[in-house]
file model_9.cif (mmCIF, C-alpha atoms)
data_upload
#
loop_
_atom_site.label_atom_id
_atom_site.label_comp_id
_atom_site.auth_asym_id
_atom_site.auth_seq_id
_atom_site.Cartn_x
_atom_site.Cartn_y
_atom_site.Cartn_z
CA MET I 1 57.51 25.57 15.02
CA PHE I 2 56.65 22.04 16.17
CA ILE I 3 59.29 19.35 15.60
CA LEU I 4 58.05 15.80 16.25
CA VAL I 5 60.61 13.00 16.07
CA ASN I 6 59.07 9.61 15.28
CA LEU I 7 61.31 6.76 16.44
CA LYS I 8 59.30 4.15 14.51
CA THR I 9 60.83 0.74 15.36
CA TYR I 10 64.39 1.86 14.66
CA PRO I 11 67.10 0.19 16.78
CA CYS I 12 67.90 3.36 18.70
CA ASP I 13 67.97 4.05 22.44
CA PRO I 14 64.62 5.80 23.02
CA VAL I 15 65.68 7.22 26.36
CA ALA I 16 68.88 8.70 24.91
CA VAL I 17 66.93 10.33 22.09
CA ALA I 18 64.36 11.60 24.57
CA ASP I 19 67.12 13.09 26.74
CA ALA I 20 68.38 14.91 23.63
CA VAL I 21 64.89 16.13 22.82
CA ALA I 22 64.39 17.45 26.36
CA ALA I 23 67.78 19.20 26.34
CA VAL I 24 67.32 20.87 22.95
CA ASP I 25 63.72 21.85 23.71
CA GLU I 26 65.02 24.03 26.57
CA THR I 27 67.31 25.97 24.22
CA THR I 28 64.84 26.97 21.51
CA ASP I 29 61.49 28.65 20.96
CA ALA I 30 60.52 25.65 18.84
CA ARG I 31 58.45 22.89 20.42
CA VAL I 32 60.35 19.59 20.25
CA ALA I 33 58.74 16.21 21.00
CA VAL I 34 59.37 12.51 20.49
CA ALA I 35 57.13 9.56 19.57
CA PRO I 36 58.57 6.22 20.77
CA GLN I 37 57.07 2.76 20.48
CA ALA I 38 54.15 2.10 22.82
CA ALA I 39 56.24 -0.13 25.08
CA HIS I 40 58.69 2.73 25.66
CA LEU I 41 56.19 5.53 26.35
CA GLU I 42 56.56 5.56 30.12
CA ARG I 43 60.36 5.43 30.14
CA VAL I 44 60.55 8.19 27.56
CA ALA I 45 58.03 10.40 29.38
CA GLU I 46 60.07 10.06 32.58
CA THR I 47 62.94 11.96 30.90
CA GLY I 48 60.81 15.10 30.79
CA ALA I 49 60.68 15.12 26.99
CA GLU I 50 57.31 15.87 25.45
CA THR I 51 56.11 12.39 24.55
CA TRP I 52 53.69 11.31 21.83
CA ALA I 53 52.25 7.93 20.93
CA GLN I 54 52.79 6.66 17.40
CA HIS I 55 49.17 5.43 17.21
CA VAL I 56 46.01 4.83 19.22
CA ASP I 57 43.13 2.61 18.16
CA PRO I 58 39.46 3.56 17.76
CA ILE I 59 38.46 1.59 20.83
CA ASP I 60 37.19 2.01 24.39
CA TYR I 61 37.93 -0.10 27.46
CA GLY I 62 37.04 -3.72 26.86
CA SER I 63 37.98 -6.82 24.88
CA ASN I 64 40.59 -5.41 22.51
CA THR I 65 43.66 -7.65 22.74
CA GLY I 66 46.67 -6.29 20.89
CA HIS I 67 45.27 -2.78 20.46
CA THR I 68 46.48 0.52 21.91
CA LEU I 69 43.96 2.26 24.15
CA ALA I 70 44.23 6.05 24.18
CA GLU I 71 43.80 6.24 27.95
CA THR I 72 46.68 3.80 28.45
CA ALA I 73 48.95 5.92 26.28
CA ALA I 74 47.96 9.00 28.28
CA ASP I 75 48.52 7.19 31.58
CA ALA I 76 52.02 6.26 30.37
CA GLY I 77 52.83 9.94 29.85
CA ALA I 78 51.85 10.66 26.24
CA VAL I 79 50.38 14.10 25.57
CA GLY I 80 49.48 13.44 21.94
CA THR I 81 49.36 10.83 19.22
CA LEU I 82 49.97 10.36 15.54
CA ILE I 83 47.08 8.80 13.63
CA ASN I 84 47.04 7.25 10.15
CA HIS I 85 50.77 7.38 9.51
CA SER I 86 51.60 6.04 6.05
CA GLU I 87 53.09 2.97 7.74
CA HIS I 88 49.87 2.39 9.73
CA ARG I 89 47.00 3.32 7.45
CA LEU I 90 43.41 3.31 8.68
CA LYS I 91 40.02 3.47 7.02
CA LEU I 92 38.42 6.92 7.26
CA ALA I 93 35.88 5.73 9.85
CA ASP I 94 38.72 4.37 11.98
CA VAL I 95 40.70 7.62 11.65
CA ASP I 96 37.61 9.39 12.96
CA GLY I 97 37.29 6.85 15.78
CA SER I 98 40.94 7.25 16.76
CA VAL I 99 40.60 11.04 16.84
CA ARG I 100 37.53 10.68 19.08
CA ALA I 101 39.36 8.21 21.33
CA ALA I 102 42.35 10.54 21.64
CA ASP I 103 40.09 13.48 22.45
CA ARG I 104 38.39 11.39 25.12
CA ALA I 105 41.78 10.71 26.72
CA GLY I 106 42.95 14.31 26.46
CA LEU I 107 45.58 13.61 23.79
CA GLU I 108 46.48 16.04 21.04
CA THR I 109 46.16 14.61 17.55
CA VAL I 110 48.11 14.81 14.31
CA VAL I 111 46.42 12.95 11.45
CA CYS I 112 48.78 12.04 8.61
CA ALA I 113 47.78 11.96 4.94
CA ASN I 114 49.46 11.51 1.55
CA ASN I 115 48.25 14.52 -0.40
CA PRO I 116 46.18 17.73 -0.21
CA ALA I 117 42.88 15.98 -1.03
CA GLN I 118 43.37 13.58 1.87
CA ILE I 119 44.48 16.46 4.08
CA GLY I 120 41.13 18.15 3.48
CA ALA I 121 39.28 14.99 4.47
CA ALA I 122 41.44 14.57 7.57
CA ALA I 123 40.94 18.18 8.63
CA ALA I 124 37.19 17.67 8.50
CA LEU I 125 37.50 15.15 11.33
CA GLY I 126 38.60 17.87 13.75
CA PRO I 127 42.14 16.87 14.78
CA ASP I 128 44.51 19.42 16.28
CA ALA I 129 46.76 19.12 13.25
CA VAL I 130 47.25 17.28 9.99
CA ALA I 131 50.55 16.27 8.42
CA VAL I 132 51.19 15.77 4.73
CA GLU I 133 53.74 13.04 3.99
CA PRO I 134 54.13 11.73 0.42
CA PRO I 135 55.11 8.07 1.01
CA ALA I 136 57.65 8.02 -1.83
CA LEU I 137 59.82 10.56 0.02
CA ILE I 138 59.71 9.03 3.49
CA GLY I 139 63.17 8.01 4.67
CA THR I 140 64.86 9.25 1.51
CA GLY I 141 66.55 12.33 2.94
CA THR I 142 64.89 14.33 0.15
CA PRO I 143 62.53 16.74 1.93
CA VAL I 144 59.01 17.25 0.61
CA SER I 145 59.40 20.97 1.32
CA GLN I 146 62.02 21.12 -1.45
CA ALA I 147 61.20 18.15 -3.70
CA ASP I 148 57.48 18.90 -4.00
CA PRO I 149 56.65 22.27 -2.39
CA GLU I 150 53.28 22.39 -4.18
CA VAL I 151 52.14 19.46 -2.04
CA VAL I 152 52.82 21.42 1.15
CA GLU I 153 51.18 24.58 -0.17
CA GLY I 154 48.21 22.56 -1.39
CA ALA I 155 47.88 20.87 1.99
CA VAL I 156 47.90 24.22 3.78
CA ASP I 157 45.17 25.52 1.48
CA ALA I 158 43.11 22.33 1.75
CA ALA I 159 43.15 22.38 5.56
CA ARG I 160 42.44 26.11 5.72
CA ASN I 161 39.44 25.70 3.44
CA VAL I 162 37.96 23.13 5.82
CA ASP I 163 38.97 24.39 9.28
CA GLU I 164 41.34 27.27 9.91
CA ASP I 165 42.01 26.01 13.43
CA VAL I 166 43.68 22.81 12.17
CA ALA I 167 47.45 23.27 11.98
CA VAL I 168 49.41 21.80 9.06
CA LEU I 169 52.69 19.95 9.45
CA CYS I 170 54.79 18.31 6.79
CA GLY I 171 57.04 15.30 6.79
CA ALA I 172 59.02 12.94 4.55
CA GLY I 173 62.73 13.47 4.12
CA ILE I 174 63.13 16.27 6.68
CA SER I 175 66.65 16.15 8.13
CA THR I 176 68.21 19.64 8.35
CA GLY I 177 67.44 23.09 9.67
CA ASP I 178 67.15 24.35 6.10
CA ASP I 179 64.39 21.77 5.52
CA VAL I 180 62.51 23.09 8.55
CA VAL I 181 62.84 26.70 7.37
CA ALA I 182 61.64 25.74 3.89
CA ALA I 183 58.61 24.01 5.43
CA ALA I 184 57.80 27.12 7.47
CA ASP I 185 58.12 29.34 4.41
CA LEU I 186 55.48 27.19 2.68
CA GLY I 187 53.03 27.69 5.53
CA SER I 188 53.73 24.60 7.62
CA GLU I 189 53.57 25.02 11.39
CA GLY I 190 55.73 22.02 12.09
CA VAL I 191 57.54 18.98 10.76
CA LEU I 192 57.59 15.24 11.32
CA LEU I 193 60.87 13.42 10.94
CA ALA I 194 62.37 10.11 11.94
CA SER I 195 65.64 8.76 10.55
CA GLY I 196 67.38 12.14 10.58
CA VAL I 197 67.42 11.97 14.38
CA ALA I 198 66.64 8.35 15.29
CA LYS I 199 69.49 7.03 13.12
CA ALA I 200 71.93 9.83 13.91
CA ASP I 201 75.18 9.01 15.70
CA ASP I 202 74.55 12.10 17.84
CA PRO I 203 70.79 12.78 18.15
CA LYS I 204 71.37 15.97 20.16
CA ALA I 205 73.62 17.44 17.46
CA ALA I 206 71.07 16.48 14.80
CA LEU I 207 68.32 18.24 16.75
CA GLU I 208 70.48 21.29 17.32
CA ASP I 209 71.02 21.52 13.57
CA LEU I 210 67.26 21.37 13.04
CA VAL I 211 66.44 24.23 15.40
CA ASP I 212 69.53 26.40 14.81
CA PRO I 213 68.04 28.48 11.94
CA LEU I 214 64.76 29.08 13.78
#
call {"tool": "encode", "arguments": {"input": "model_9.cif", "output": "structure tokens"}}
result
Amino acid sequence: MFILVNLKTYPCDPVAVADAVAAVDETTDARVAVAPQAAHLERVAETGAETWAQHVDPIDYGSNTGHTLAETAADAGAVGTLINHSEHRLKLADVDGSVRAADRAGLETVVCANNPAQIGAAAALGPDAVAVEPPALIGTGTPVSQADPEVVEGAVDAARNVDEDVAVLCGAGISTGDDVVAAADLGSEGVLLASGVAKADDPKAALEDLVDPL
């Protein structure tokens, strides 16, 4: 099971969360990673935690002020990147371009989408994984795996029908180990979450709760 903690731009200590991720990752068969802001990638990667970028742009080296180059994220220690998160939507051509840029830099990719139909389209672009995240549930503490399990099952079917090698993750409202187990029971190979760890008083304890039932 892959557990990817997105720190968004929450006012948390990214290094402290990364230390917790690294510590918990050593105690479980689950794969635990963290996605900090671009400016924090290098510091987070230095903790030994598996580090992901929150986004890379569909660009190459050149005149691209204000963009995130995939190679720069990789040089800072990222091993993968989210693409098309609901808080950073892209046009389909740009999603494709970002996947190609990430591949060029040797980054794993998780392309986010709102629903099974979009998951099918995302899977056709050849990412390593897709993640279904209904926007209405993000940050609510109500997990999609329980509130709308048909969305997860539909996403798994949609991706499988396009490319069986593309893994399916789910996100939105994930905060407990029971949520992770429910996601796995629906066919998800991992989860995305943010506030459940990033806003926790004790990120390590929150992560331990997530992996304990696995």
call {"tool": "residues_near_point", "arguments": {"input": "model_9.cif", "point": "(55.1, 7.2, 23.2)", "cutoff": "10 Å", "atoms": "all atoms listed in the file", "output": "JSON, numbers by chain"}}
result
{"I": [6, 7, 14, 33, 34, 35, 36, 37, 38, 39, 40, 41, 42, 43, 44, 45, 50, 51, 52, 53, 54, 55, 73, 74, 76, 77, 78, 79, 80, 81, 82]}
call {"tool": "residues_around", "arguments": {"input": "model_9.cif", "residues": "Thr28 (chain I)", "least_positions_apart": "6", "cutoff": "12 Å", "atoms": "all atoms listed in the file", "output": "PyMOL selection string"}}
result
chain I and resi 1-3+21-22+207-214
call {"tool": "closest_residue", "arguments": {"input": "model_9.cif", "among": "I:Ala102, I:Val5, I:Cys170, I:Ala124", "to": "Ile83 (chain I)", "atoms": "all atoms listed in the file"}}
result
I:Ala102
call {"tool": "residues_around", "arguments": {"input": "model_9.cif", "residues": "Arg89 (chain I)", "least_positions_apart": "5", "cutoff": "10 Å", "atoms": "all atoms listed in the file", "output": "PyMOL selection string"}}
result
chain I and resi 83-84+94-95+112-113
call {"tool": "resolve_selection", "arguments": {"input": "model_9.cif", "expression": "the PyMOL selection byres ((chain I and resi 96) around 9)", "output": "PyMOL selection string"}}
result
chain I and resi 58+91-95+97-101+122+125-127
